[in-house]
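Enquirer: File name final-v7.txt; file contents compact mmCIF, C-alpha atoms; full text below.
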```txt
# COMPACT_ATOMS: atom_id res chain seq x y z
CA MET B 862 -1.74 42.08 -3.95
CA SER B 863 -0.34 38.59 -3.42
CA LEU B 864 -2.64 35.57 -3.35
CA PHE B 865 -0.60 34.30 -0.41
CA ASP B 866 -0.40 35.39 3.19
CA THR B 867 3.33 35.98 3.10
CA ARG B 868 3.37 36.73 6.81
CA VAL B 869 3.07 32.98 7.38
CA PRO B 870 6.34 31.11 6.73
CA ALA B 871 6.66 27.50 5.63
CA VAL B 872 8.74 24.81 7.35
CA LEU B 873 9.82 21.86 5.21
CA LEU B 874 10.85 18.79 7.22
CA ARG B 875 12.89 15.82 6.01
CA THR B 876 14.96 13.26 7.92
CA ASP B 877 15.93 11.13 4.91
CA ARG B 878 19.51 12.08 4.08
CA ASN B 879 19.23 11.53 0.34
CA PRO B 880 21.16 14.51 -1.08
CA PHE B 881 19.42 14.21 -4.46
CA HIS B 882 15.83 14.59 -3.29
CA HIS B 883 14.61 16.94 -6.02
CA GLY B 884 11.10 17.12 -4.52
CA THR B 885 12.50 19.16 -1.64
CA LEU B 886 14.01 21.65 -4.07
CA GLY B 887 10.68 21.83 -5.91
CA ALA B 888 8.88 22.77 -2.70
CA VAL B 889 11.53 25.33 -1.74
CA ARG B 890 11.28 27.02 -5.12
CA SER B 891 7.50 26.91 -5.39
CA LEU B 892 6.94 28.59 -2.03
CA GLY B 893 9.90 30.94 -2.30
CA ARG B 894 8.75 32.22 -5.68
CA ALA B 895 5.42 33.08 -4.07
CA GLY B 896 7.23 35.33 -1.59
CA ILE B 897 6.90 32.89 1.33
CA GLU B 898 9.75 32.59 3.83
CA VAL B 899 11.02 28.99 3.59
CA HIS B 900 12.70 27.23 6.51
CA LEU B 901 14.30 23.91 5.60
CA VAL B 902 14.80 21.31 8.31
CA ALA B 903 16.98 18.80 6.46
CA ASP B 904 20.54 17.62 6.08
CA CYS B 905 21.78 19.52 3.02
CA ALA B 906 25.45 18.58 3.29
CA GLY B 907 26.57 17.66 -0.20
CA SER B 908 23.14 18.46 -1.62
CA PRO B 909 22.30 20.97 -4.36
CA VAL B 910 19.13 21.91 -2.45
CA GLY B 911 21.01 24.00 0.11
CA ALA B 912 22.31 26.26 -2.66
CA SER B 913 18.85 27.50 -3.62
CA ARG B 914 18.31 31.24 -3.33
CA TYR B 915 14.83 30.51 -1.97
CA VAL B 916 15.99 28.83 1.27
CA SER B 917 15.53 31.46 3.96
CA ARG B 918 17.15 29.43 6.71
CA LEU B 919 18.52 25.92 7.24
CA HIS B 920 17.84 24.05 10.49
CA THR B 921 19.47 20.88 11.80
CA PRO B 922 17.09 17.92 11.37
CA PRO B 923 16.62 14.97 13.71
CA PRO B 924 18.75 11.99 12.67
CA PRO B 925 17.43 9.26 10.35
CA GLY B 926 15.39 6.76 12.33
CA ALA B 927 14.54 9.40 14.94
CA SER B 928 11.57 8.64 17.18
CA PRO B 929 8.39 10.74 16.95
CA ALA B 930 9.45 12.30 20.26
CA ASP B 931 12.77 13.38 18.73
CA VAL B 932 10.97 14.85 15.71
CA LEU B 933 8.62 16.74 18.04
CA ALA B 934 11.56 18.13 20.03
CA THR B 935 13.23 19.34 16.83
CA LEU B 936 10.06 21.01 15.59
CA ARG B 937 9.59 22.78 18.91
CA ARG B 938 13.14 24.11 18.63
CA VAL B 939 12.54 25.27 15.05
CA ALA B 940 9.23 26.92 16.02
CA ALA B 941 11.02 28.93 18.70
CA ARG B 942 13.50 30.18 16.12
CA VAL B 943 10.87 30.98 13.50
CA GLY B 944 8.93 32.94 16.12
CA ARG B 945 5.44 32.74 14.61
CA PRO B 946 3.01 30.06 13.38
CA ALA B 947 4.15 28.36 10.18
CA VAL B 948 2.74 25.92 7.64
CA LEU B 949 4.50 22.59 8.21
CA ILE B 950 5.15 20.27 5.25
CA PRO B 951 6.71 16.83 5.88
CA MET B 952 8.69 15.77 2.81
CA ASP B 953 9.14 12.06 3.57
CA ASP B 954 6.97 9.30 5.00
CA ALA B 955 8.79 9.08 8.32
CA CYS B 956 8.18 12.77 8.99
CA ALA B 957 4.55 12.57 7.84
CA VAL B 958 3.91 9.73 10.28
CA ALA B 959 5.68 11.50 13.15
CA VAL B 960 3.86 14.79 12.51
CA GLY B 961 0.52 12.97 12.41
CA LEU B 962 1.16 11.37 15.79
CA ALA B 963 2.27 14.68 17.33
CA ARG B 964 -0.44 16.82 15.76
CA ALA B 965 -2.02 17.92 19.03
CA GLU B 966 1.34 18.97 20.46
CA LEU B 967 2.39 20.82 17.30
CA THR B 968 -0.62 23.12 17.09
CA PRO B 969 -0.84 26.12 17.33
CA ARG B 970 2.88 26.49 16.57
CA TYR B 971 2.23 24.96 13.17
CA LEU B 972 -0.67 25.00 10.74
CA LEU B 973 -1.63 21.44 9.73
CA PRO B 974 -4.44 19.75 7.80
CA ASP B 975 -7.27 18.42 9.96
CA LEU B 976 -7.01 14.65 9.71
CA PRO B 977 -6.83 11.77 12.22
CA GLY B 978 -3.30 11.58 13.61
CA ALA B 979 -2.94 7.85 12.94
CA LEU B 980 -4.07 8.03 9.31
CA PRO B 981 -0.70 8.94 7.73
CA GLY B 982 0.84 5.92 9.43
CA ARG B 983 -1.97 3.64 8.24
CA VAL B 984 -1.59 4.52 4.58
CA ALA B 985 2.22 4.73 4.59
CA ASP B 986 2.60 1.27 6.19
CA LYS B 987 2.54 -1.27 3.34
CA ALA B 988 0.81 -3.95 5.41
CA GLU B 989 -1.80 -1.52 6.70
CA LEU B 990 -2.38 -0.23 3.17
CA ALA B 991 -3.22 -3.74 1.98
CA GLY B 992 -5.92 -3.89 4.66
CA VAL B 993 -7.19 -0.43 3.75
CA CYS B 994 -7.54 -1.47 0.10
CA ALA B 995 -9.39 -4.63 1.11
CA ALA B 996 -11.83 -2.61 3.24
CA LEU B 997 -12.43 -0.09 0.43
CA ASP B 998 -12.56 -2.72 -2.33
CA VAL B 999 -9.70 -1.00 -4.15
CA PRO B 1000 -7.54 -3.21 -6.41
CA HIS B 1001 -4.23 -4.10 -4.76
CA PRO B 1002 -1.74 -6.86 -5.54
CA GLU B 1003 -2.29 -10.04 -3.52
CA THR B 1004 -0.21 -9.60 -0.39
CA LEU B 1005 0.96 -12.19 2.16
CA VAL B 1006 2.65 -11.60 5.52
CA PRO B 1007 4.77 -14.64 6.43
CA ASP B 1008 5.11 -15.72 10.05
CA GLY B 1009 8.49 -17.39 9.63
CA PRO B 1010 11.17 -18.31 7.07
CA ASP B 1011 9.39 -21.48 5.95
CA ASP B 1012 6.16 -19.53 5.68
CA ALA B 1013 7.99 -17.03 3.46
CA ALA B 1014 9.08 -19.87 1.16
CA ARG B 1015 5.50 -21.16 0.94
CA ALA B 1016 4.27 -17.67 0.11
CA VAL B 1017 6.64 -17.52 -2.84
CA TRP B 1018 5.14 -20.66 -4.31
CA ARG B 1019 1.60 -19.55 -3.67
CA LEU B 1020 2.10 -16.20 -5.40
CA GLY B 1021 4.28 -17.49 -8.23
CA LEU B 1022 7.79 -16.35 -9.09
CA PRO B 1023 9.00 -13.66 -9.24
CA VAL B 1024 7.56 -12.09 -6.09
CA VAL B 1025 7.84 -8.54 -4.79
CA ALA B 1026 9.24 -8.29 -1.24
CA LYS B 1027 8.54 -5.14 0.77
CA TRP B 1028 9.24 -4.01 4.29
CA SER B 1029 6.01 -2.67 5.71
CA ARG B 1030 7.63 0.50 7.08
CA PRO B 1031 10.36 1.32 4.56
CA TRP B 1032 11.45 4.47 6.37
CA LEU B 1033 12.85 2.24 9.13
CA VAL B 1034 15.20 0.35 6.80
CA PRO B 1035 18.74 1.30 7.90
CA PRO B 1036 21.06 2.69 5.22
CA GLY B 1037 24.33 1.03 4.37
CA ARG B 1038 23.27 -2.52 5.29
CA GLY B 1039 22.48 -3.84 1.84
CA LEU B 1040 18.75 -3.86 2.51
CA ARG B 1041 16.32 -2.27 0.09
CA SER B 1042 12.83 -1.18 0.93
CA THR B 1043 11.54 -3.25 -1.98
CA ALA B 1044 13.15 -6.10 -3.93
CA LEU B 1045 12.23 -8.70 -6.51
CA VAL B 1046 12.51 -12.24 -5.11
CA ARG B 1047 13.20 -15.04 -7.56
CA SER B 1048 13.51 -18.05 -5.27
CA ALA B 1049 12.25 -19.50 -2.00
CA ARG B 1050 15.75 -19.24 -0.60
CA GLU B 1051 15.84 -15.49 -1.18
CA ALA B 1052 12.51 -15.15 0.65
CA ARG B 1053 13.85 -17.09 3.64
CA GLU B 1054 16.99 -14.97 3.75
CA LEU B 1055 15.01 -11.75 3.66
CA TYR B 1056 12.69 -12.88 6.42
CA ALA B 1057 15.72 -13.58 8.62
CA ARG B 1058 16.58 -9.87 8.41
CA ALA B 1059 13.20 -8.58 9.60
CA GLU B 1060 14.54 -7.41 12.96
CA GLU B 1061 17.33 -5.54 11.19
CA ALA B 1062 14.85 -3.94 8.78
CA GLY B 1063 12.67 -2.73 11.65
CA SER B 1064 9.29 -3.91 10.31
CA ARG B 1065 7.41 -6.86 8.85
CA LEU B 1066 8.23 -8.50 5.54
CA LEU B 1067 5.46 -8.53 2.93
CA LEU B 1068 5.43 -10.72 -0.15
CA GLN B 1069 3.31 -9.46 -2.98
CA ALA B 1070 2.15 -10.71 -6.37
CA PHE B 1071 4.23 -9.22 -9.16
CA LEU B 1072 2.44 -7.04 -11.69
CA PRO B 1073 4.80 -6.72 -14.65
CA PRO B 1074 5.60 -3.23 -15.93
CA GLY B 1075 4.89 -2.29 -19.50
CA PRO B 1076 3.86 0.57 -21.76
CA ASP B 1077 1.13 2.75 -20.26
CA ARG B 1078 1.00 0.75 -17.01
CA ASP B 1079 2.71 2.96 -14.43
CA TRP B 1080 0.61 5.88 -13.20
CA PHE B 1081 0.60 8.30 -10.30
CA PHE B 1082 -1.81 10.81 -8.87
CA HIS B 1083 -0.81 13.90 -6.92
CA GLY B 1084 -3.27 16.17 -5.20
CA TYR B 1085 -4.25 18.23 -2.20
CA ALA B 1086 -7.42 17.34 -0.29
CA ASP B 1087 -8.68 20.67 1.04
CA ARG B 1088 -10.64 21.37 4.22
CA SER B 1089 -13.84 20.16 2.56
CA GLY B 1090 -12.19 17.02 1.18
CA VAL B 1091 -12.11 18.15 -2.46
CA LEU B 1092 -8.99 17.16 -4.41
CA ARG B 1093 -7.25 20.25 -5.79
CA ALA B 1094 -4.01 21.26 -7.49
CA GLY B 1095 -2.97 17.97 -9.03
CA GLY B 1096 -3.96 15.24 -11.38
CA PRO B 1097 -3.01 11.91 -12.95
CA GLY B 1098 0.35 11.38 -14.58
CA ARG B 1099 2.07 8.63 -16.50
CA LYS B 1100 5.60 7.48 -15.82
CA THR B 1101 7.45 7.52 -19.15
CA ARG B 1102 10.94 6.73 -17.84
CA ALA B 1103 11.91 5.16 -14.55
CA ARG B 1104 15.05 4.50 -12.56
CA PRO B 1105 15.73 1.58 -12.52
CA ARG B 1106 14.30 0.92 -15.98
CA GLY B 1107 10.76 -0.45 -16.02
CA ALA B 1108 10.25 0.37 -12.35
CA GLY B 1109 11.32 2.58 -9.49
CA LEU B 1110 11.21 6.34 -9.20
CA THR B 1111 9.98 8.64 -11.94
CA ALA B 1112 12.85 9.88 -14.10
CA ALA B 1113 10.43 11.41 -16.61
CA GLY B 1114 6.68 11.79 -16.41
CA ARG B 1115 3.83 13.40 -18.28
CA TRP B 1116 0.56 14.98 -17.14
CA THR B 1117 -1.97 12.66 -18.79
CA PRO B 1118 -5.75 12.77 -18.29
CA ASN B 1119 -7.10 9.48 -16.92
CA PRO B 1120 -10.66 9.55 -15.52
CA ARG B 1121 -10.32 6.06 -13.98
CA VAL B 1122 -7.23 6.99 -11.97
CA ARG B 1123 -8.80 10.28 -10.85
CA ALA B 1124 -12.02 8.52 -9.80
CA LEU B 1125 -10.03 5.99 -7.77
CA ALA B 1126 -8.04 8.76 -6.05
CA GLU B 1127 -11.22 10.67 -5.21
CA ARG B 1128 -12.93 7.58 -3.83
CA ILE B 1129 -9.94 6.52 -1.71
CA THR B 1130 -9.35 9.94 -0.13
CA GLY B 1131 -13.08 10.58 0.31
CA GLU B 1132 -13.80 7.31 2.11
CA LEU B 1133 -10.74 7.69 4.33
CA GLY B 1134 -11.55 11.31 5.18
CA TYR B 1135 -8.00 12.21 4.21
CA ARG B 1136 -6.91 15.87 4.27
CA GLY B 1137 -3.64 17.27 3.00
CA ILE B 1138 -1.09 16.48 0.29
CA LEU B 1139 -0.96 12.99 -1.18
CA ASP B 1140 0.98 11.00 -3.77
CA LEU B 1141 -0.59 7.76 -5.02
CA ASP B 1142 1.14 5.17 -7.20
CA PHE B 1143 -0.84 2.83 -9.44
CA ARG B 1144 0.01 -0.03 -11.78
CA ARG B 1145 -2.41 -1.20 -14.42
CA CYS B 1146 -2.66 -4.99 -14.67
CA GLY B 1147 -1.97 -6.10 -18.22
CA THR B 1148 -4.41 -9.01 -17.86
CA THR B 1149 -7.45 -7.40 -16.24
CA GLY B 1150 -6.88 -3.72 -17.06
CA ARG B 1151 -7.56 -2.78 -13.42
CA TYR B 1152 -5.50 -0.08 -11.72
CA HIS B 1153 -3.89 -1.43 -8.54
CA LEU B 1154 -2.91 0.98 -5.78
CA LEU B 1155 0.72 0.23 -4.94
CA ASP B 1156 1.49 3.08 -2.53
CA PHE B 1157 -0.21 5.91 -0.68
CA ASN B 1158 2.36 8.52 0.32
CA PRO B 1159 0.95 11.12 2.76
CA ARG B 1160 3.24 13.92 1.56
CA PRO B 1161 4.37 15.59 -1.68
CA GLY B 1162 5.71 13.27 -4.36
CA ALA B 1163 9.12 14.15 -5.75
CA GLN B 1164 7.66 15.15 -9.14
CA PHE B 1165 4.73 17.18 -7.77
CA ARG B 1166 5.79 20.24 -9.79
CA LEU B 1167 4.62 18.43 -12.92
CA PHE B 1168 1.08 19.37 -11.89
CA THR B 1169 1.43 23.15 -12.03
CA ASP B 1170 -1.71 24.57 -13.63
CA THR B 1171 -2.24 27.78 -15.61
CA ALA B 1172 -2.70 29.75 -12.36
CA GLY B 1173 0.65 28.50 -11.03
CA LEU B 1174 -1.04 26.32 -8.41
CA ASP B 1175 0.61 23.12 -7.18
CA VAL B 1176 0.05 20.98 -4.09
CA VAL B 1177 2.35 22.87 -1.70
CA ARG B 1178 0.92 26.22 -2.72
CA ALA B 1179 -2.60 24.82 -2.34
CA LEU B 1180 -1.75 23.67 1.18
CA HIS B 1181 -0.40 27.07 2.19
CA LEU B 1182 -3.38 28.93 0.73
CA ASP B 1183 -5.93 26.60 2.30
CA LEU B 1184 -4.37 26.57 5.77
CA THR B 1185 -4.10 30.37 5.79
CA HIS B 1186 -7.76 30.64 4.69
CA ARG B 1187 -6.96 32.14 1.31
CA PRO B 1188 -8.97 31.19 -1.80
CA LEU B 1189 -7.36 28.83 -4.28
CA PRO B 1190 -7.21 30.25 -7.82
CA ASP B 1191 -9.09 28.41 -10.55
CA GLY B 1192 -6.42 27.42 -13.04
CA ALA B 1193 -6.80 25.05 -15.96
CA PRO B 1194 -4.93 21.73 -16.21
CA ARG B 1195 -1.95 21.51 -18.57
CA PRO B 1196 -2.12 18.00 -20.03
CA GLY B 1197 1.00 16.93 -21.88
CA ARG B 1198 3.28 18.91 -19.59
CA ALA B 1199 6.46 16.96 -18.82
CA PHE B 1200 8.75 16.64 -15.81
CA VAL B 1201 12.33 15.36 -16.14
CA VAL B 1202 14.99 14.56 -13.55
CA GLU B 1203 18.13 15.46 -15.46
CA ASN B 1204 20.60 13.18 -13.66
CA TYR B 1205 18.33 10.17 -14.20
CA ALA B 1206 17.14 10.94 -17.76
CA PRO B 1207 19.57 13.41 -19.37
CA LEU B 1208 18.48 12.65 -22.94
CA SER B 1209 14.83 13.24 -22.06
CA ALA B 1210 15.81 16.68 -20.78
CA LEU B 1211 17.15 17.57 -24.25
CA ARG B 1212 14.18 16.41 -26.32
CA PRO B 1213 11.55 18.91 -27.53
CA ALA B 1214 8.59 19.41 -25.18
CA PRO B 1215 5.83 21.20 -27.12
CA ASP B 1216 3.40 21.13 -24.17
CA GLY B 1217 5.91 22.49 -21.67
CA ARG B 1218 8.43 20.90 -19.34
CA GLU B 1219 9.91 21.45 -15.90
CA LEU B 1220 13.35 20.22 -14.96
CA ALA B 1221 13.99 18.97 -11.45
CA TRP B 1222 17.28 20.80 -10.88
CA HIS B 1223 17.88 23.52 -13.47
CA ALA B 1224 15.89 26.77 -13.36
CA ALA B 1225 16.62 30.15 -14.91
CA ASP B 1226 15.73 32.02 -11.70
CA ASP B 1227 17.66 29.68 -9.38
CA ARG B 1228 20.82 28.51 -11.14
CA ALA B 1229 23.01 27.46 -8.21
CA PRO B 1230 21.38 24.03 -7.54
CA GLY B 1231 21.71 23.06 -11.22
CA ARG B 1232 25.36 24.08 -11.27
CA ALA B 1233 26.02 22.14 -8.07
CA LEU B 1234 24.30 18.98 -9.29
CA TRP B 1235 26.74 17.55 -11.80
CA PRO B 1236 30.00 17.48 -9.76
CA LEU B 1237 28.08 16.05 -6.80
CA TRP B 1238 26.34 13.48 -8.99
CA GLY B 1239 29.64 12.50 -10.64
CA ARG B 1240 31.23 11.80 -7.27
CA HIS B 1241 28.15 9.87 -6.17
CA VAL B 1242 28.18 7.64 -9.25
CA ALA B 1243 31.93 7.03 -8.97
CA ALA B 1244 31.58 6.04 -5.33
CA ARG B 1245 28.72 3.67 -6.19
CA LEU B 1246 30.77 1.97 -8.90
CA LEU B 1247 33.74 1.50 -6.59
CA THR B 1248 31.71 0.01 -3.75
CA ARG B 1249 29.15 -2.06 -5.72
CA PRO B 1250 29.28 -5.69 -4.56
CA HIS B 1251 29.44 -8.56 -7.00
CA ARG B 1252 26.07 -10.22 -7.61
CA ARG B 1253 25.67 -13.69 -6.21
CA PRO B 1254 24.49 -16.37 -8.61
CA ARG B 1255 20.74 -16.97 -8.41
CA SER B 1256 19.75 -19.92 -6.30
CA ARG B 1257 17.38 -22.53 -7.61
CA PRO B 1258 13.94 -22.59 -5.99
CA GLY B 1259 13.23 -25.22 -3.37
CA ALA B 1260 10.25 -27.51 -3.12
CA PRO B 1261 6.87 -26.06 -2.16
CA ALA B 1262 5.24 -26.79 1.19
CA PRO B 1263 1.55 -27.46 1.77
CA ALA B 1264 0.63 -24.80 4.32
CA HIS B 1265 -0.19 -21.18 3.45
CA PRO B 1266 0.83 -17.89 5.09
CA ARG B 1267 -1.65 -15.30 6.28
CA VAL B 1268 -3.42 -13.40 3.50
CA VAL B 1269 -3.65 -9.62 3.92
CA ARG B 1270 -5.17 -8.84 0.55
CA GLN B 1271 -6.20 -10.78 -2.51
CA ALA B 1272 -7.44 -8.32 -5.10
CA SER B 1273 -6.08 -9.94 -8.23
CA ALA B 1274 -4.67 -13.24 -9.34
CA PRO B 1275 -0.89 -13.44 -9.74
CA SER B 1276 0.17 -12.42 -13.21
CA PRO B 1277 0.80 -15.30 -15.61
CA ASP B 1278 3.81 -13.42 -16.93
CA HIS B 1279 6.68 -14.51 -14.68
CA ALA B 1280 9.45 -13.29 -16.95
CA ASP B 1281 12.51 -11.67 -15.44
CA HIS B 1282 11.39 -8.05 -15.11
CA ALA B 1283 12.92 -5.16 -13.19
CA ASP B 1284 11.89 -4.46 -9.62
CA HIS B 1285 8.36 -2.94 -9.67
CA ALA B 1286 8.98 -0.90 -6.53
CA ASP B 1287 8.08 2.76 -6.54
CA ARG B 1288 10.37 3.01 -3.52
CA ALA B 1289 13.27 1.20 -5.21
CA GLU B 1290 15.56 3.86 -3.73
CA GLU B 1291 18.67 3.15 -5.83
CA ASP B 1292 20.43 2.89 -2.47
CA ARG B 1293 18.77 6.16 -1.44
CA ALA B 1294 20.00 8.05 -4.50
CA GLY B 1295 16.45 9.21 -5.10
CA SER B 1296 12.85 8.60 -4.21
CA HIS B 1297 9.56 8.90 -5.95
```
For the structure just supplied, provide its representation as structure tokens.

Expert:
Amino acid sequence: MSLFDTRVPAVLLRTDRNPFHHGTLGAVRSLGRAGIEVHLVADCAGSPVGASRYVSRLHTPPPPGASPADVLATLRRVAARVGRPAVLIPMDDACAVAVGLARAELTPRYLLPDLPGALPGRVADKAELAGVCAALDVPHPETLVPDGPDDAARAVWRLGLPVVAKWSRPWLVPPGRGLRSTALVRSAREARELYARAEEAGSRLLLQAFLPPGPDRDWFFHGYADRSGVLRAGGPGRKTRARPRGAGLTAAGRWTPNPRVRALAERITGELGYRGILDLDFRRCGTTGRYHLLDFNPRPGAQFRLFTDTAGLDVVRALHLDLTHRPLPDGAPRPGRAFVVENYAPLSALRPAPDGRELAWHAADDRAPGRALWPLWGRHVAARLLTRPHRRPRSRPGAPAPAHPRVVRQASAPSPDHADHADHADRAEEDRAGSH
């Protein structure tokens, strides 16, 4: 007898049109292998994900930048086609926020975790997250929200160069405009220029103290907070390779025990009363040794399959079991297990993995996505090389001004190491070629 109630289908929702979102394929495979009917509401044109044998049916998603009302209308249409209640899993931040706001309207068509509807938006918004960390006394890089271009320049000098610039709601950043959700700012002029594009970006600009990357500094925690608030089906992991190098999304990661990261994750989710799947990103400060929360993603992280225990449990399976009132099996952790995204870290995919490894795209029981990956990826890389703009020369910083912008969070002093490091953004996007 199956552990799962296979009468209840799953609906995966994504509006981000990144064709190389391997986390979506991981969710499709995990649920499909359990015998669950998987409905995918996503744009799979030119994506290996649509080739998976475990996709039961594809549905047209709302467009990128769709309003919560548009997302709700799409989900109502999908529910009518599915014909019975389904477990709903948002796969990107925009969808998680929209589903949270529409929770009352979506039930009973969909089974959802019981959490305040505004909470996904609070933790996904970078400015709101800074306030949440301040209220919970959780380490977070010092964050300033400038009120104008001159204020942005003053913030740069207060924090110390280089400075991390983030848009508070990165899911609103329009594609194809040369804007990135997160960037490394190296001059006051760059800060002014970014601030001038706030309306185009769709949300506020944040300037944040830079915590340099380094060995053993980039960590993540994936988990599922069940109906009682207990974190299940996940654990702490260490980013061993990133794209771009030294920062960005996880190209290769390893399941690594870390009691301090786990304790932080348990305290954060417990005090917030969070329920459901979560993906937390941390960076350890090389000066103080403290783990700073960089991002709280209220949905599965792209590498969630790393945390598959000896009972085969992962966060999406835990969600389905819990919401259908089935017991979660007691599996043991598998520390040392590796996860590799082949198109980002091909050499890592070839190295020995004595503690086990999962590849993002290639799987013996689902070969079509792996076969489809390389020609699609080759065309993507070629197109990027042909359209890449020339870099402008770096401008010299201007003179500092006396006034100070508004402080959202000051949890740690700016790092004394202001060397030229790679962007420390977990959402670095690579122009939407992938996401953490």

Enquirer: Quick check, in Å to one decimal: how far apart do atom CA of Ala1057 of chain B and atom CA of Asp1012 of chain B lie?

Expert: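 Computing the Euclidean distance for atom CA of Ala1057 of chain B and atom CA of Asp1012 of chain B yields 11.6 Å.
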
Enquirer: Which residue, B:Asp1175, B:Arg1078, B:Phe1143, B:Leu1020, has the smallest gap to Gly1095 of chain B when you use all atoms listed in the file?

Expert: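 When distances to Gly1095 of chain B are compared using all atoms listed in the file, the smallest one comes from B:Asp1175.
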
Enquirer: Go through B:Pro969, B:Pro1007, B:Pro951, B:Pro870 one by one, measure the shortest atom-to-atom distance of each to Leu1182 of chain B using all atoms listed in the file, and give the residue with the smallest value.

Expert: B:Pro870

Enquirer: If we count all atoms listed in the file and set the cut-off at 12 Å, which residues sit around Pro1010 of chain B, ignoring sequence neighbours fewer than 2 positions away in its own chain? Please answer as a PyMOL selection string.

Expert: chain B and resi 1006-1008+1012-1017+1049-1059+1066+1068+1262+1266

Enquirer: To one decimal in Å, tell me the separation between atom CA of Thr1101 of chain B and atom CA of Tyr1205 of chain B.

Expert: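 Straight-line distance from atom CA of Thr1101 of chain B to atom CA of Tyr1205 of chain B works out to 12.2 Å.
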
Enquirer: For Phe865 of chain B, which of B:Leu1208, B:Ala1086, B:Leu1246, B:Ala1179 is the closest residue, counting all atoms listed in the file?

Expert: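 Closest residue, counting all atoms listed in the file: B:Ala1179.
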
Enquirer: Go ahead and compute the interatomic distance for atom CA of Ala871 of chain B and atom CA of Pro924 of chain B, in Å to one decimal.

Expert: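 About the pair atom CA of Ala871 of chain B and atom CA of Pro924 of chain B: they are 20.9 Å apart.
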
Enquirer: Please identify all polymer residues within 6 Å of Gly1084 of chain B, counting only C-alpha atoms, omitting same-chain residues fewer than 2 positions from it, and present them as a list in words.

Expert: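 Here the answer would be Leu1092, Arg1093, Ala1094, Gly1095, Ile1138, Leu1139 and Val1176 of chain B.
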
Enquirer: Rank nothing, just name the residue among B:Leu1220, B:Gly1192, B:Gly1075, B:Pro1213 nearest to Thr1148 of chain B, using all atoms listed in the file.

Expert: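 That would be B:Gly1075, the residue with the smallest distance to Thr1148 of chain B.
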
Enquirer: Need the shell around Val1046 of chain B: protein/DNA/RNA residues with any atom at most 8 Å away, counting all atoms listed in the file. Skip same-chain ones fewer than 5 positions apart. Format as a list of chain:residue names?

Expert: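 The neighbour list is B:Leu1022, B:Pro1023, B:Val1024, B:Val1025, B:Ala1026, B:Glu1051, B:Ala1052.
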
Enquirer: Please identify all polymer residues within 8 Å of segment 972-981 of chain B, counting all atoms listed in the file, omitting same-chain residues fewer than 6 positions from it, and present them as a list of chain:residue names.

Expert: B:Pro946, B:Ala947, B:Val948, B:Leu949, B:Ala957, B:Val958, B:Val960, B:Gly961, B:Leu962, B:Ala963, B:Arg964, B:Arg1088, B:Gly1134, B:Tyr1135, B:Arg1136, B:Gly1137, B:Pro1159, B:Leu1184

Enquirer: List the neighbours of Arg1166 of chain B out to 8 Å using all atoms listed in the file; skip same-chain residues closer than 4 positions along the sequence, and give me the result as a list of chain:residue names.

Expert: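 Using all atoms listed in the file, the neighbours found are B:Gly887, B:Asp1175, B:Phe1200, B:Glu1219.
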
Enquirer: Which protein, DNA or RNA residues are at most 12 Å from (21.0, 20.2, -0.5) in the file's coordinates when you count all atoms listed in the file, listed as a PyMOL selection string?

Expert: chain B and resi 875+877-887+889+901-914+916+919+1222+1229-1231+1233-1234+1237

Enquirer: Go through B:Asp1142, B:Glu966, B:Glu1003, B:Asp1226 one by one, measure the shortest atom-to-atom distance of each to Pro929 of chain B using only C-alpha atoms, and give the residue with the smallest value.

Expert: B:Glu966

Enquirer: Which residue out of B:Ala934, B:Thr1185, B:Leu892, B:Asp866 has the minimum interatomic distance to Ser917 of chain B when only C-alpha atoms are used?

Expert: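 Closest residue, counting only C-alpha atoms: B:Leu892.
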
Enquirer: Please check which residues have atoms at most 12 Å from (-10.9, 8.1, -5.1) in the file's coordinates, counting all atoms listed in the file, and write them as a ChimeraX atom specification.

Expert: /B:994,997-1000,1082-1084,1086,1090-1092,1096-1097,1120-1135,1139,1141,1152,1154,1157

Enquirer: With the input short on atoms, add N, CA and C atoms back to segment 939-945 of chain B and write it as a PDB file, in the frame of the given file.

Expert:
```pdb
ATOM      1  N   VAL B 939      12.661  24.472  16.268  1.00  0.00           N
ATOM      2  CA  VAL B 939      12.540  25.270  15.050  1.00  0.00           C
ATOM      3  C   VAL B 939      11.451  26.338  15.216  1.00  0.00           C
ATOM      4  N   ALA B 940      10.321  25.961  15.819  1.00  0.00           N
ATOM      5  CA  ALA B 940       9.230  26.920  16.020  1.00  0.00           C
ATOM      6  C   ALA B 940       9.693  28.107  16.855  1.00  0.00           C
ATOM      7  N   ALA B 941      10.514  27.841  17.863  1.00  0.00           N
ATOM      8  CA  ALA B 941      11.020  28.930  18.700  1.00  0.00           C
ATOM      9  C   ALA B 941      11.895  29.880  17.889  1.00  0.00           C
ATOM     10  N   ARG B 942      12.637  29.334  16.939  1.00  0.00           N
ATOM     11  CA  ARG B 942      13.500  30.180  16.120  1.00  0.00           C
ATOM     12  C   ARG B 942      12.717  30.937  15.055  1.00  0.00           C
ATOM     13  N   VAL B 943      11.693  30.312  14.507  1.00  0.00           N
ATOM     14  CA  VAL B 943      10.870  30.980  13.500  1.00  0.00           C
ATOM     15  C   VAL B 943      10.088  32.123  14.146  1.00  0.00           C
ATOM     16  N   GLY B 944       9.541  31.870  15.343  1.00  0.00           N
ATOM     17  CA  GLY B 944       8.930  32.940  16.120  1.00  0.00           C
ATOM     18  C   GLY B 944       7.480  33.253  15.824  1.00  0.00           C
ATOM     19  N   ARG B 945       6.854  32.525  14.901  1.00  0.00           N
ATOM     20  CA  ARG B 945       5.440  32.740  14.610  1.00  0.00           C
ATOM     21  C   ARG B 945       4.886  31.472  13.961  1.00  0.00           C
TER      22      ARG B 945
END
```
